[in-house]
$ cat final10.cif   # mmCIF, C-alpha atoms
data_upload
#
loop_
_atom_site.label_atom_id
_atom_site.label_comp_id
_atom_site.auth_asym_id
_atom_site.auth_seq_id
_atom_site.Cartn_x
_atom_site.Cartn_y
_atom_site.Cartn_z
CA MET A 10 54.45 -5.26 -13.27
CA SER A 11 55.06 -1.51 -13.05
CA ALA A 12 54.75 -1.16 -16.84
CA ARG A 13 51.01 -1.61 -16.51
CA GLU A 14 48.74 1.36 -16.23
CA VAL A 15 46.54 0.89 -13.19
CA LYS A 16 43.92 3.52 -12.35
CA VAL A 17 41.60 3.54 -9.37
CA TYR A 18 38.53 5.78 -9.35
CA SER A 19 37.49 6.18 -5.73
CA THR A 20 35.72 8.29 -3.12
CA PRO A 21 37.24 9.05 0.29
CA THR A 22 34.31 7.48 2.17
CA CYS A 23 34.28 4.17 0.30
CA PRO A 24 35.69 1.22 2.30
CA TRP A 25 36.03 -1.03 -0.75
CA CYS A 26 38.21 1.65 -2.36
CA ARG A 27 40.53 1.47 0.64
CA LYS A 28 40.60 -2.31 0.29
CA VAL A 29 41.60 -2.06 -3.35
CA LYS A 30 44.36 0.46 -2.69
CA GLN A 31 45.62 -1.58 0.26
CA PHE A 32 45.67 -4.66 -1.98
CA PHE A 33 47.78 -2.83 -4.58
CA GLU A 34 50.17 -1.56 -1.90
CA ASP A 35 50.52 -5.01 -0.29
CA ASN A 36 51.36 -6.48 -3.69
CA GLY A 37 53.68 -3.71 -4.81
CA ILE A 38 51.45 -2.57 -7.67
CA GLU A 39 51.85 1.06 -8.73
CA TYR A 40 48.54 2.79 -9.32
CA LYS A 41 47.05 6.22 -9.93
CA ASP A 42 44.21 7.19 -7.63
CA PHE A 43 41.47 9.58 -8.76
CA ASN A 44 39.14 11.03 -6.15
CA VAL A 45 35.94 11.23 -8.19
CA ALA A 46 34.09 12.95 -5.35
CA GLU A 47 36.11 16.08 -6.18
CA ASP A 48 37.81 15.54 -9.53
CA SER A 49 34.96 16.05 -12.00
CA ALA A 50 37.18 15.42 -15.04
CA ALA A 51 38.08 11.99 -13.63
CA ARG A 52 34.43 11.36 -12.83
CA GLU A 53 33.51 12.06 -16.45
CA GLU A 54 36.30 9.76 -17.61
CA MET A 55 34.99 6.99 -15.37
CA ILE A 56 31.45 7.46 -16.67
CA ASN A 57 32.31 7.85 -20.35
CA LYS A 58 35.31 5.57 -20.83
CA CYS A 59 34.58 2.89 -18.24
CA LYS A 60 30.77 3.20 -18.45
CA GLN A 61 30.60 3.03 -14.70
CA LEU A 62 28.91 5.09 -12.04
CA ALA A 63 30.15 3.19 -9.02
CA VAL A 64 33.31 3.08 -6.95
CA PRO A 65 35.79 1.56 -6.81
CA THR A 66 36.18 1.31 -10.58
CA ILE A 67 39.59 -0.07 -11.49
CA CYS A 68 41.10 0.22 -14.93
CA ILE A 69 44.08 -2.04 -15.73
CA ASP A 70 45.50 -1.32 -19.20
CA GLY A 71 42.04 -0.27 -20.32
CA GLU A 72 40.22 -3.24 -18.81
CA VAL A 73 37.55 -2.36 -16.30
CA ILE A 74 36.92 -4.11 -12.97
CA VAL A 75 34.21 -2.83 -10.64
CA GLY A 76 34.38 -3.36 -6.91
CA PHE A 77 37.00 -5.15 -4.83
CA ASN A 78 37.19 -8.54 -6.45
CA GLU A 79 40.48 -10.00 -5.24
CA ALA A 80 40.39 -13.07 -7.50
CA GLN A 81 39.71 -10.98 -10.60
CA LEU A 82 42.41 -8.43 -9.72
CA LYS A 83 44.97 -11.20 -9.16
CA GLU A 84 44.12 -12.78 -12.47
CA LYS A 85 44.40 -9.51 -14.41
CA LEU A 86 47.69 -8.65 -12.72
CA GLY A 87 49.10 -12.15 -12.99
CA LEU A 88 49.68 -12.40 -9.23
CA MET B 13 39.69 -34.73 4.34
CA ARG B 14 40.11 -31.74 6.61
CA GLU B 15 38.48 -31.52 10.00
CA LEU B 16 36.68 -28.21 9.51
CA ILE B 17 35.83 -25.60 6.88
CA ILE B 18 34.66 -22.15 7.95
CA ILE B 19 32.77 -20.24 5.26
CA GLY B 20 32.70 -16.47 5.67
CA GLY B 21 35.15 -13.74 6.63
CA GLY B 22 33.03 -11.39 8.74
CA PRO B 23 33.06 -11.13 12.55
CA ALA B 24 31.53 -14.60 13.03
CA GLY B 25 33.81 -16.38 10.57
CA MET B 26 37.00 -14.66 11.74
CA THR B 27 36.25 -15.27 15.42
CA ALA B 28 35.50 -18.91 14.63
CA ALA B 29 38.83 -19.03 12.77
CA VAL B 30 40.80 -17.81 15.80
CA TYR B 31 39.09 -20.23 18.19
CA THR B 32 39.59 -23.05 15.72
CA ALA B 33 43.27 -22.31 15.18
CA ARG B 34 43.86 -22.25 18.93
CA LYS B 35 42.43 -25.75 19.17
CA ARG B 36 44.89 -26.84 16.46
CA ILE B 37 42.04 -28.11 14.33
CA ASP B 38 43.00 -28.80 10.73
CA ALA B 39 40.80 -26.13 9.19
CA LEU B 40 40.31 -23.95 6.13
CA LEU B 41 38.74 -20.49 6.05
CA LEU B 42 36.94 -19.73 2.78
CA SER B 43 35.57 -16.30 2.01
CA LYS B 44 34.76 -13.94 -0.81
CA ASP B 45 36.08 -11.05 1.26
CA ILE B 46 37.34 -10.12 4.69
CA GLY B 47 35.23 -7.88 6.89
CA GLY B 48 31.79 -8.48 5.43
CA GLN B 49 29.08 -5.99 6.17
CA VAL B 50 31.15 -4.25 8.87
CA LEU B 51 33.39 -2.73 6.18
CA THR B 52 30.62 -0.37 5.12
CA THR B 53 29.75 0.60 8.69
CA THR B 54 31.15 4.05 9.29
CA GLY B 55 31.55 4.17 13.05
CA VAL B 56 31.22 1.43 15.65
CA GLU B 57 30.62 2.56 19.23
CA ASN B 58 29.30 -0.65 20.78
CA TYR B 59 32.04 -3.20 20.23
CA MET B 60 33.58 -3.52 23.66
CA GLY B 61 37.18 -2.44 24.08
CA TYR B 62 36.87 0.42 21.62
CA GLN B 63 34.95 3.56 22.50
CA TYR B 64 34.87 4.41 18.81
CA ILE B 65 36.35 2.61 15.85
CA GLU B 66 35.62 2.68 12.14
CA GLY B 67 34.16 -0.55 10.83
CA PHE B 68 37.05 -0.80 8.40
CA GLU B 69 39.68 -0.51 11.15
CA LEU B 70 37.90 -3.00 13.38
CA MET B 71 37.92 -5.57 10.60
CA GLN B 72 41.61 -4.90 9.96
CA LYS B 73 42.24 -5.72 13.61
CA PHE B 74 40.20 -8.92 13.31
CA GLU B 75 42.18 -9.87 10.22
CA GLU B 76 45.53 -9.17 11.93
CA GLN B 77 44.48 -11.43 14.78
CA VAL B 78 43.50 -14.23 12.39
CA LYS B 79 46.89 -13.89 10.68
CA LEU B 80 48.70 -14.58 13.95
CA PHE B 81 47.68 -18.22 13.67
CA PRO B 82 48.78 -20.82 11.14
CA LEU B 83 45.38 -21.33 9.59
CA GLU B 84 44.89 -22.06 5.93
CA LYS B 85 42.82 -19.42 4.14
CA LYS B 86 41.42 -18.91 0.67
CA ILE B 87 40.09 -15.40 0.32
CA GLY B 88 38.65 -13.83 -2.81
CA GLN B 89 36.57 -16.72 -4.11
CA GLY B 90 32.87 -17.03 -3.41
CA VAL B 91 31.39 -20.34 -2.36
CA ALA B 92 29.40 -21.94 -5.18
CA GLY B 93 28.03 -25.01 -3.43
CA LEU B 94 27.84 -27.15 -0.33
CA SER B 95 26.90 -30.81 -0.36
CA GLN B 96 26.77 -33.68 2.09
CA LEU B 97 29.11 -36.65 1.74
CA ASP B 98 28.92 -39.98 3.55
CA ALA B 99 31.21 -38.74 6.31
CA GLY B 100 31.30 -34.99 5.94
CA PHE B 101 30.80 -32.19 3.48
CA GLU B 102 32.13 -30.89 0.19
CA VAL B 103 32.44 -27.17 -0.48
CA THR B 104 32.91 -25.92 -4.04
CA ILE B 105 34.28 -22.45 -4.71
CA ASP B 106 33.87 -20.15 -7.70
CA ASN B 107 37.08 -21.24 -9.47
CA GLY B 108 35.83 -24.84 -9.48
CA GLU B 109 38.02 -26.13 -6.65
CA SER B 110 36.37 -28.34 -4.10
CA HIS B 111 37.33 -28.91 -0.49
CA GLN B 112 36.16 -31.58 1.92
CA ALA B 113 35.81 -31.57 5.68
CA LYS B 114 34.17 -33.51 8.48
CA ALA B 115 32.42 -30.38 9.73
CA VAL B 116 31.44 -26.97 8.31
CA ILE B 117 30.57 -23.65 9.90
CA VAL B 118 28.48 -21.39 7.65
CA ALA B 119 29.04 -17.74 8.59
CA THR B 120 28.20 -16.04 5.31
CA GLY B 121 26.27 -13.05 6.65
CA LYS B 122 23.80 -10.96 4.72
CA ARG B 123 23.72 -8.80 1.59
CA PRO B 124 21.57 -5.85 0.48
CA ARG B 125 18.07 -6.81 -0.54
CA PRO B 126 17.29 -5.97 -4.17
CA LEU B 127 14.03 -4.28 -5.18
CA ASN B 128 13.41 -6.81 -7.97
CA VAL B 129 11.97 -4.31 -10.42
CA PRO B 130 12.64 -3.93 -14.16
CA GLY B 131 15.78 -1.94 -14.89
CA GLU B 132 17.43 -2.59 -11.55
CA GLU B 133 19.91 -5.24 -12.66
CA GLN B 134 20.82 -3.60 -16.00
CA LEU B 135 21.45 -0.23 -14.36
CA ARG B 136 23.38 -1.55 -11.38
CA GLY B 137 26.64 0.42 -11.25
CA ARG B 138 25.08 2.86 -13.71
CA GLY B 139 23.14 4.87 -11.20
CA VAL B 140 21.64 2.06 -9.14
CA THR B 141 23.65 1.60 -5.94
CA TYR B 142 23.40 -0.32 -2.70
CA CYS B 143 26.29 1.51 -1.01
CA ALA B 144 25.38 5.10 -0.20
CA ILE B 145 28.63 5.84 1.62
CA CYS B 146 30.60 4.58 -1.39
CA ASP B 147 28.77 6.11 -4.32
CA GLY B 148 26.95 9.07 -2.73
CA PRO B 149 29.55 11.68 -3.78
CA LEU B 150 29.16 10.67 -7.46
CA PHE B 151 25.74 12.29 -7.48
CA THR B 152 26.77 15.73 -6.26
CA GLY B 153 24.36 18.36 -7.59
CA GLN B 154 21.99 15.79 -9.13
CA LYS B 155 18.48 14.61 -8.31
CA VAL B 156 18.43 11.22 -6.64
CA ALA B 157 15.95 8.77 -5.13
CA VAL B 158 16.47 6.86 -1.90
CA ILE B 159 14.31 3.77 -1.54
CA GLY B 160 13.31 2.54 1.92
CA GLY B 161 11.89 3.81 5.18
CA GLY B 162 14.19 2.39 7.87
CA ASN B 163 17.34 3.75 9.46
CA SER B 164 19.65 2.94 6.54
CA ALA B 165 17.38 4.74 4.08
CA LEU B 166 16.95 7.71 6.39
CA GLU B 167 20.71 7.94 6.94
CA ALA B 168 21.33 7.78 3.20
CA ALA B 169 18.69 10.49 2.62
CA ASP B 170 20.21 12.66 5.33
CA ASP B 171 23.65 12.32 3.72
CA MET B 172 22.33 13.00 0.24
CA VAL B 173 20.33 16.17 1.04
CA LYS B 174 23.72 17.77 1.80
CA ILE B 175 25.24 17.01 -1.61
CA ALA B 176 22.46 16.28 -4.08
CA GLN B 177 20.29 18.93 -5.70
CA TYR B 178 17.10 17.18 -4.65
CA VAL B 179 16.20 13.91 -2.88
CA TYR B 180 13.05 11.82 -3.29
CA LEU B 181 12.53 9.31 -0.50
CA VAL B 182 10.24 6.46 -1.52
CA SER B 183 8.97 3.97 1.06
CA LEU B 184 6.39 1.18 0.95
CA THR B 185 5.46 1.91 4.55
CA PRO B 186 5.42 4.92 6.85
CA PHE B 187 8.94 5.62 8.20
CA THR B 188 10.13 2.87 10.51
CA GLY B 189 13.48 4.39 11.51
CA ASP B 190 14.49 6.35 14.60
CA ARG B 191 12.60 9.54 15.44
CA ILE B 192 15.75 11.67 15.38
CA LEU B 193 16.47 10.64 11.77
CA ILE B 194 12.85 11.10 10.68
CA ASP B 195 12.90 14.65 12.02
CA LYS B 196 16.15 15.47 10.23
CA VAL B 197 14.76 14.25 6.93
CA ARG B 198 11.41 16.05 7.42
CA ASP B 199 13.27 19.32 8.02
CA ALA B 200 15.29 19.14 4.80
CA SER B 201 14.09 21.72 2.27
CA ASN B 202 15.29 19.74 -0.76
CA LEU B 203 13.55 16.45 0.02
CA THR B 204 10.11 15.07 -0.79
CA ALA B 205 8.96 11.82 0.81
CA PHE B 206 6.60 9.47 -1.01
CA LEU B 207 5.32 7.18 1.73
CA GLU B 208 3.22 4.13 0.98
CA HIS B 209 4.52 4.20 -2.58
CA GLU B 210 6.15 1.38 -4.47
CA VAL B 211 8.85 1.54 -7.11
CA VAL B 212 7.51 0.04 -10.33
CA ALA B 213 10.57 0.37 -12.55
CA ILE B 214 13.95 2.02 -12.93
CA GLU B 215 14.33 3.59 -16.35
CA GLY B 216 17.31 4.58 -18.48
CA GLU B 217 19.44 3.42 -21.39
CA SER B 218 23.06 3.46 -20.30
CA ARG B 219 22.42 5.41 -17.07
CA VAL B 220 19.54 5.87 -14.67
CA GLU B 221 17.23 8.58 -15.97
CA ALA B 222 14.05 8.14 -13.95
CA ILE B 223 12.04 5.91 -11.66
CA ALA B 224 8.37 5.07 -11.93
CA ILE B 225 6.48 4.92 -8.62
CA ARG B 226 2.91 4.04 -7.70
CA ASP B 227 0.78 5.28 -4.83
CA LEU B 228 -0.38 2.15 -2.98
CA LYS B 229 -3.65 3.78 -1.93
CA SER B 230 -4.81 5.58 -5.06
CA GLY B 231 -2.90 3.49 -7.62
CA GLU B 232 -1.73 6.71 -9.24
CA GLU B 233 1.61 6.47 -11.04
CA ASN B 234 4.31 9.07 -11.06
CA ARG B 235 7.63 9.42 -12.87
CA LEU B 236 10.56 11.05 -11.10
CA GLN B 237 13.60 12.15 -13.07
CA VAL B 238 16.71 11.12 -11.14
CA GLY B 239 20.32 10.30 -11.92
CA GLY B 240 20.83 7.93 -9.01
CA VAL B 241 18.82 5.38 -7.05
CA PHE B 242 19.97 4.34 -3.58
CA ILE B 243 18.37 1.07 -2.55
CA GLU B 244 18.23 0.71 1.24
CA ILE B 245 15.45 -1.78 1.91
CA GLY B 246 17.19 -4.13 4.28
CA LEU B 247 19.22 -7.27 3.97
CA ILE B 248 18.80 -10.88 2.92
CA PRO B 249 20.79 -13.82 4.29
CA ASN B 250 23.47 -15.47 2.15
CA SER B 251 21.96 -18.86 2.97
CA GLU B 252 21.43 -20.27 -0.54
CA LEU B 253 24.29 -22.74 -0.16
CA ALA B 254 22.66 -24.31 2.90
CA SER B 255 19.14 -24.48 1.49
CA GLY B 256 18.20 -28.04 0.70
CA ILE B 257 20.48 -29.26 3.50
CA ALA B 258 19.62 -27.22 6.58
CA ARG B 259 16.29 -25.76 7.61
CA LEU B 260 15.71 -22.08 6.82
CA ASN B 261 13.15 -19.87 8.55
CA GLU B 262 10.62 -17.61 6.82
CA LEU B 263 13.28 -14.90 6.44
CA GLY B 264 15.62 -17.33 4.71
CA GLU B 265 17.92 -17.51 7.73
CA ILE B 266 19.55 -20.82 8.70
CA GLU B 267 17.83 -22.14 11.81
CA VAL B 268 20.26 -23.00 14.57
CA ASN B 269 19.80 -23.92 18.23
CA TYR B 270 21.64 -22.37 21.19
CA ALA B 271 24.67 -24.54 20.30
CA ASN B 272 24.82 -23.29 16.67
CA GLU B 273 23.74 -26.72 15.46
CA THR B 274 21.62 -26.85 12.32
CA GLY B 275 20.20 -30.30 13.00
CA ILE B 276 22.51 -31.82 10.39
CA PRO B 277 25.39 -33.50 12.24
CA GLY B 278 28.61 -31.58 11.58
CA LEU B 279 26.91 -28.57 9.99
CA PHE B 280 27.03 -25.46 12.15
CA ALA B 281 26.09 -21.86 11.39
CA ALA B 282 26.87 -18.54 13.06
CA GLY B 283 26.17 -14.82 12.84
CA ASP B 284 23.80 -12.81 10.67
CA VAL B 285 23.05 -15.68 8.28
CA THR B 286 21.28 -17.48 11.14
CA ASN B 287 18.11 -16.92 13.13
CA VAL B 288 20.18 -15.52 16.04
CA LEU B 289 18.10 -12.80 17.65
CA GLU B 290 20.23 -9.72 17.14
CA LYS B 291 22.40 -8.78 14.19
CA GLN B 292 25.28 -7.08 15.93
CA ILE B 293 29.07 -7.34 15.53
CA VAL B 294 29.54 -8.41 19.15
CA VAL B 295 26.79 -11.02 18.82
CA ALA B 296 28.18 -12.39 15.56
CA ALA B 297 31.66 -12.66 17.07
CA GLY B 298 30.25 -14.50 20.08
CA GLU B 299 28.28 -16.83 17.85
CA GLY B 300 31.42 -17.57 15.83
CA ALA B 301 33.24 -18.54 19.04
CA LYS B 302 30.36 -20.79 20.13
CA ALA B 303 30.13 -22.49 16.75
CA SER B 304 33.87 -23.17 16.71
CA LEU B 305 33.83 -24.71 20.19
CA GLN B 306 30.83 -26.86 19.31
CA ALA B 307 32.46 -27.96 16.06
CA HIS B 308 35.59 -28.89 18.02
CA LYS B 309 33.54 -31.07 20.38
CA TYR B 310 31.79 -32.67 17.43
CA ILE B 311 35.11 -33.51 15.72
CA GLN B 312 36.52 -34.92 18.98
CA ARG B 313 33.56 -37.26 19.28
CA LEU B 314 33.93 -38.72 15.78
#
$ encode --input "final10.cif" --output "structure tokens"
Amino acid sequence: MSAREVKVYSTPTCPWCRKVKQFFEDNGIEYKDFNVAEDSAAREEMINKCKQLAVPTICIDGEVIVGFNEAQLKEKLGL
Amino acid sequence: MRELIIIGGGPAGMTAAVYTARKRIDALLLSKDIGGQVLTTTGVENYMGYQYIEGFELMQKFEEQVKLFPLEKKIGQGVAGLSQLDAGFEVTIDNGESHQAKAVIVATGKRPRPLNVPGEEQLRGRGVTYCAICDGPLFTGQKVAVIGGGNSALEAADDMVKIAQYVYLVSLTPFTGDRILIDKVRDASNLTAFLEHEVVAIEGESRVEAIAIRDLKSGEENRLQVGGVFIEIGLIPNSELASGIARLNELGEIEVNYANETGIPGLFAAGDVTNVLEKQIVVAAGEGAKASLQAHKYIQRL
């Protein structure tokens, strides 16, 4: 599971971002968190690579999921 | 066939779940998510027992309490359909599974109301947002539009004047929010309000570039260049699954009586999805408790 690259683009005020990160922690999934409120390079990456302007945007091995969708996350992670 | 299915994981659904589990009813809790609308509420100061608690934390506490009981749950799948059987109900969820029970409590809450204008759906997540506290910081230094004239719109505008370059506030009506918020917004030097204006379209290719608005009095149209559109025009009930079975009022809410009965034997509803007078966390929780106790009595009588 840890071989996957999991990125979370988030803002500190966003409750769904907390939900996503909590979900990864509860399931032992390693992830990299990017605070796009401050990190403008990460924000550009989210906009240009993921074509998203909303948080949380989650990128699992290049596949993009927007929002906290537990069923979709479980499916992508094989949980 | 189970005894009861509770649909919804907000304050009404989770309270109903706890009451139900304590009665040892054979029940299933189905919900797309846990916490519902409360998750995006920053601070709660009127839920008794807590002088101040973040909406997120309060819902974590609700969830912890639900987990204390051996109640079956399926979280993460939306509910696709509800139908009546000879002696109960069938609930279908997004992955195609169906579940049957003698009684159902619908506690599905509300969701943000869309504007229903061209461009809105295509540009959702590409500059169109319904969650100002989530996505606000993405528009630092940009021009944005906030749509609406009530408290949510005014709060979003007040947040955005601090981080955006310029804020346009567009409302169909004069402001309807609290005086204190109206004054704050009026005092902001980087905000222009367009009252009694409607949004005609949201424009842009891969990202929001502008909105077109129309003055309701003169009919004059105007184009505002913005990178973000915050839609804060109220909420609509998630009552679609009950339409065609239960009676809905003119707002689309499920009509229930004081006992949370819909008029269809075995079908109960609770919280913001219903015609209950006030949409408050404490009210929704109370309604969830009432609906669970009524459902228990109904099951006992069968």
$ resolve_selection --input "final10.cif" --expression "the PyMOL selection byres ((chain B) within 7 of (chain A))" --output "PyMOL selection string"
chain B and resi 51-52+68+88-89+137-139+145-147+149-150
$ residues_near_point --input "final10.cif" --point "(22.7, -29.5, 16.8)" --cutoff "10 Å" --atoms "only C-alpha atoms" --output "number ranges by chain"
B: 268-281, 306-307, 310
$ resolve_selection --input "final10.cif" --expression "the PyMOL selection byres ((chain B and resi 87) around 8)" --output "ChimeraX atom specification"
/A:79 /B:41-46,85-86,88-89
$ write_last_selection --input "final10.cif" --atoms "C-alpha atoms" --output "PDB file, in the frame of the given file"
ATOM      1  CA  GLU A  79      40.480 -10.000  -5.240  1.00  0.00           C
TER       2      GLU A  79
ATOM      3  CA  LEU B  41      38.740 -20.490   6.050  1.00  0.00           C
ATOM      4  CA  LEU B  42      36.940 -19.730   2.780  1.00  0.00           C
ATOM      5  CA  SER B  43      35.570 -16.300   2.010  1.00  0.00           C
ATOM      6  CA  LYS B  44      34.760 -13.940  -0.810  1.00  0.00           C
ATOM      7  CA  ASP B  45      36.080 -11.050   1.260  1.00  0.00           C
ATOM      8  CA  ILE B  46      37.340 -10.120   4.690  1.00  0.00           C
ATOM      9  CA  LYS B  85      42.820 -19.420   4.140  1.00  0.00           C
ATOM     10  CA  LYS B  86      41.420 -18.910   0.670  1.00  0.00           C
ATOM     11  CA  GLY B  88      38.650 -13.830  -2.810  1.00  0.00           C
ATOM     12  CA  GLN B  89      36.570 -16.720  -4.110  1.00  0.00           C
TER      13      GLN B  89
END
$ atom_distance --input "final10.cif" --atom1 "CA of Lys155 (chain B)" --atom2 "CA of Lys41 (chain A)"
29.8 Å
$ atom_distance --input "final10.cif" --atom1 "CA of Ser183 (chain B)" --atom2 "CA of Gly161 (chain B)"
5.1 Å
$ closest_residue --input "final10.cif" --among "B:Leu97, B:Ile19, B:Met71, B:Leu260" --to "Gly48 (chain B)" --atoms "only C-alpha atoms"
B:Met71
$ residues_around --input "final10.cif" --residues "Pro249 (chain B)" --least-positions-apart "2" --cutoff "10 Å" --atoms "only C-alpha atoms" --output "ChimeraX atom specification"
/B:120-125,247,251-252,263-266,284-287
$ resolve_selection --input "final10.cif" --expression "the PyMOL selection byres ((chain A and resi 16) around 12)" --output "mmCIF file with C-alpha atoms, in the frame of the given file"
data_model
loop_
_atom_site.group_PDB
_atom_site.id
_atom_site.type_symbol
_atom_site.label_atom_id
_atom_site.label_comp_id
_atom_site.auth_asym_id
_atom_site.auth_seq_id
_atom_site.Cartn_x
_atom_site.Cartn_y
_atom_site.Cartn_z
ATOM 1 C CA ARG A 13 51.010 -1.610 -16.510
ATOM 2 C CA GLU A 14 48.740 1.360 -16.230
ATOM 3 C CA VAL A 15 46.540 0.890 -13.190
ATOM 4 C CA VAL A 17 41.600 3.540 -9.370
ATOM 5 C CA TYR A 18 38.530 5.780 -9.350
ATOM 6 C CA SER A 19 37.490 6.180 -5.730
ATOM 7 C CA CYS A 26 38.210 1.650 -2.360
ATOM 8 C CA VAL A 29 41.600 -2.060 -3.350
ATOM 9 C CA LYS A 30 44.360 0.460 -2.690
ATOM 10 C CA PHE A 33 47.780 -2.830 -4.580
ATOM 11 C CA ILE A 38 51.450 -2.570 -7.670
ATOM 12 C CA GLU A 39 51.850 1.060 -8.730
ATOM 13 C CA TYR A 40 48.540 2.790 -9.320
ATOM 14 C CA LYS A 41 47.050 6.220 -9.930
ATOM 15 C CA ASP A 42 44.210 7.190 -7.630
ATOM 16 C CA PHE A 43 41.470 9.580 -8.760
ATOM 17 C CA ASN A 44 39.140 11.030 -6.150
ATOM 18 C CA VAL A 45 35.940 11.230 -8.190
ATOM 19 C CA ALA A 51 38.080 11.990 -13.630
ATOM 20 C CA GLU A 54 36.300 9.760 -17.610
ATOM 21 C CA MET A 55 34.990 6.990 -15.370
ATOM 22 C CA CYS A 59 34.580 2.890 -18.240
ATOM 23 C CA VAL A 64 33.310 3.080 -6.950
ATOM 24 C CA PRO A 65 35.790 1.560 -6.810
ATOM 25 C CA THR A 66 36.180 1.310 -10.580
ATOM 26 C CA ILE A 67 39.590 -0.070 -11.490
ATOM 27 C CA CYS A 68 41.100 0.220 -14.930
ATOM 28 C CA ILE A 69 44.080 -2.040 -15.730
ATOM 29 C CA ASP A 70 45.500 -1.320 -19.200
ATOM 30 C CA GLY A 71 42.040 -0.270 -20.320
ATOM 31 C CA GLU A 72 40.220 -3.240 -18.810
ATOM 32 C CA VAL A 73 37.550 -2.360 -16.300
ATOM 33 C CA ILE A 74 36.920 -4.110 -12.970
ATOM 34 C CA VAL A 75 34.210 -2.830 -10.640
#
$ atom_distance --input "final10.cif" --atom1 "CA of Gly283 (chain B)" --atom2 "CA of Glu299 (chain B)"
5.8 Å
$ closest_residue --input "final10.cif" --among "B:Phe206, B:Phe242, B:Phe81, B:Phe187" --to "Ala168 (chain B)" --atoms "all atoms listed in the file"
B:Phe242
$ residues_around --input "final10.cif" --residues "Leu83 (chain B)" --least-positions-apart "4" --cutoff "12 Å" --atoms "all atoms listed in the file" --output "list in words"
Leu16, Ile17, Ile18, Met26, Ala28, Ala29, Val30, Tyr31, Thr32, Ala33, Arg34, Lys35, Arg36, Ile37, Asp38, Ala39, Leu40, Leu41, Leu42, Glu75, Gln77, Val78 and Lys79 of chain B
$ decode --input "final10.cif" --residues "region 21-34 of chain A" --atoms "C-alpha atoms" --output "tab-separated table (two decimals), in the first residue's frame"
chain	number	residue	atom	x	y	z
A	21	PRO	CA	-6.42	24.47	6.70
A	22	THR	CA	-10.04	25.62	7.00
A	23	CYS	CA	-11.59	22.84	4.93
A	24	PRO	CA	-13.43	20.18	6.98
A	25	TRP	CA	-13.59	17.68	4.11
A	26	CYS	CA	-9.79	17.89	3.87
A	27	ARG	CA	-9.57	16.87	7.52
A	28	LYS	CA	-11.94	13.99	6.81
A	29	VAL	CA	-9.76	12.76	3.97
A	30	LYS	CA	-6.56	12.94	6.00
A	31	GLN	CA	-8.24	11.25	8.95
A	32	PHE	CA	-9.44	8.50	6.60
A	33	PHE	CA	-5.88	7.92	5.34
A	34	GLU	CA	-4.53	7.85	8.89
